[in-house]
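Asker: What follows is the file final.txt, containing compact mmCIF, C-alpha atoms:
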# COMPACT_ATOMS: atom_id res chain seq x y z
CA MET H 102 4.06 -5.02 -20.70
CA ILE H 103 4.93 -8.35 -19.05
CA ALA H 104 5.21 -6.67 -15.65
CA VAL H 105 1.71 -5.21 -16.05
CA ILE H 106 0.24 -8.61 -16.92
CA ALA H 107 2.02 -10.22 -13.95
CA ALA H 108 0.72 -7.53 -11.59
CA LEU H 109 -2.82 -8.00 -12.86
CA ALA H 110 -2.57 -11.77 -12.47
CA LEU H 111 -1.32 -11.45 -8.89
CA GLY H 112 -4.08 -8.99 -8.05
CA ALA H 113 -6.74 -11.31 -9.42
CA CYS H 114 -5.43 -14.19 -7.32
CA GLY H 115 -5.35 -12.28 -4.08
CA GLY H 116 -1.57 -12.13 -4.15
CA GLY H 117 -0.41 -12.06 -0.55
CA GLY H 118 -2.34 -14.45 1.65
CA SER H 119 -4.37 -13.68 4.76
CA SER H 120 -2.08 -10.89 5.98
CA SER H 121 -3.03 -8.77 2.97
CA ALA H 122 -6.75 -8.52 3.64
CA SER H 123 -8.78 -5.81 1.96
CA VAL H 124 -12.31 -4.44 1.97
CA GLY H 125 -14.66 -6.98 0.39
CA ASP H 126 -12.77 -10.02 1.70
CA CYS H 127 -14.47 -12.47 4.06
CA ILE H 128 -12.99 -13.92 7.23
CA ASP H 129 -13.71 -16.97 9.36
CA SER H 130 -14.16 -17.05 13.13
CA SER H 131 -10.34 -16.98 13.55
CA SER H 132 -10.03 -13.78 11.46
CA GLN H 133 -8.37 -15.62 8.57
CA VAL H 134 -9.30 -14.60 5.02
CA VAL H 135 -11.53 -17.20 3.35
CA ASP H 136 -13.62 -17.38 0.20
CA CYS H 137 -16.92 -15.53 0.71
CA GLY H 138 -18.78 -18.56 -0.69
CA SER H 139 -17.21 -20.86 1.91
CA SER H 140 -19.31 -22.26 4.73
CA SER H 141 -16.63 -20.98 7.15
CA ALA H 142 -17.08 -17.34 6.05
CA ALA H 143 -18.40 -15.53 9.13
CA LYS H 144 -17.84 -11.82 8.42
CA LYS H 145 -17.20 -9.52 5.47
CA LEU H 146 -14.70 -6.66 5.73
CA VAL H 147 -16.51 -3.41 4.90
CA THR H 148 -14.20 -0.58 6.02
CA ASP H 149 -10.42 -0.27 6.30
CA GLN H 150 -9.82 1.68 9.51
CA SER H 151 -6.38 2.86 8.33
CA GLU H 152 -7.90 4.94 5.52
CA PRO H 153 -7.97 8.69 6.17
CA ASP H 154 -11.73 8.88 5.55
CA ALA H 155 -12.65 5.81 7.65
CA ILE H 156 -15.64 6.11 9.97
CA ALA H 157 -16.36 4.15 13.14
CA CYS H 158 -18.03 0.77 12.82
CA ILE H 159 -21.84 0.97 12.73
CA GLU H 160 -23.10 -1.13 15.64
CA ILE H 161 -26.86 -0.82 15.05
CA GLY H 162 -29.22 -2.21 12.42
CA ALA H 163 -29.67 -5.58 10.77
CA LYS H 164 -25.92 -6.15 10.24
CA PRO H 165 -24.03 -4.62 13.18
CA GLN H 166 -20.33 -4.10 12.47
CA THR H 167 -17.47 -4.98 14.77
CA GLU H 168 -13.84 -3.90 14.63
CA VAL H 169 -11.53 -6.81 13.77
CA LYS H 170 -7.79 -7.16 13.29
CA VAL H 171 -6.74 -9.19 10.25
CA GLY H 172 -3.02 -9.53 9.71
CA ASP H 173 -1.55 -6.06 10.16
CA GLY H 174 -4.81 -4.25 9.38
CA THR H 175 -7.87 -3.18 11.35
CA PHE H 176 -11.27 -3.31 9.67
CA CYS H 177 -14.97 -2.99 10.35
CA ALA H 178 -16.68 -6.27 9.53
CA GLU H 179 -20.33 -7.29 9.30
CA PRO H 180 -21.94 -10.73 9.44
CA VAL H 181 -22.02 -12.54 6.09
CA ASN H 182 -25.59 -13.81 6.59
For this file, produce the structure as structure tokens.

Answerer:
Amino acid sequence: MIAVIAALALGACGGGGSSSASVGDCIDSSSQVVDCGSSSAAKKLVTDQSEPDAIACIEIGAKPQTEVKVGDGTFCAEPVN
């Protein structure tokens, strides 16, 4: 039971720093994970390119996506604003 609570607490805190980015995280102009409410948040990660069902980044529309490398992962990211 204690291990489950510890795992949940780590997950809620983000756990591993900028190298453990995941879909939904925001990054700054240096591709470092930052709080999405921060003024330095430039892009939001929307697709993990390592997933088996990942599609190419959508480069048209109001929020064009670009492929970015964050830590050891590659993601599609769209502008925050």

Asker: Quick one: of H:Gly138, H:Asn182, H:Cys177, H:Ile161, who's nearest to Ser123 of chain H, counting all atoms listed in the file?

Answerer: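 Closest to Ser123 of chain H, using all atoms listed in the file: H:Cys177.
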
Asker: Within 10 Å of Lys144 of chain H, counting only C-alpha atoms, which residues show up once you throw out same-chain ones fewer than 6 positions away? Write them as a list in words, please.

Answerer: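 Using only C-alpha atoms, the neighbours found are Gly125, Asp126, Cys127, Ile128, Asp129, Ser130, Ser132, Val134, Val135, Cys137, Gln166, Thr167, Val169, Cys177, Ala178, Glu179, Pro180, Val181 and Asn182 of chain H.
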
Asker: Out of H:Pro165, H:Ser131, H:Val124, H:Asp136, which residue has the shortest atom-to-atom distance to Glu152 of chain H when counting only C-alpha atoms?

Answerer: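 Result for the nearest residue to Glu152 of chain H: H:Val124.
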
Asker: When you draw a straight line from atom CA of Phe176 of chain H to atom CA of Ser121 of chain H, how long is it in Å?

Answerer: 11.9 Å

Asker: Enter the distance from atom CA of Ile156 of chain H to atom CA of Gly174 of chain H, in Å, rounded to one decimal.

Answerer: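 Computed distance, atom CA of Ile156 of chain H to atom CA of Gly174 of chain H, equals 15.0 Å.
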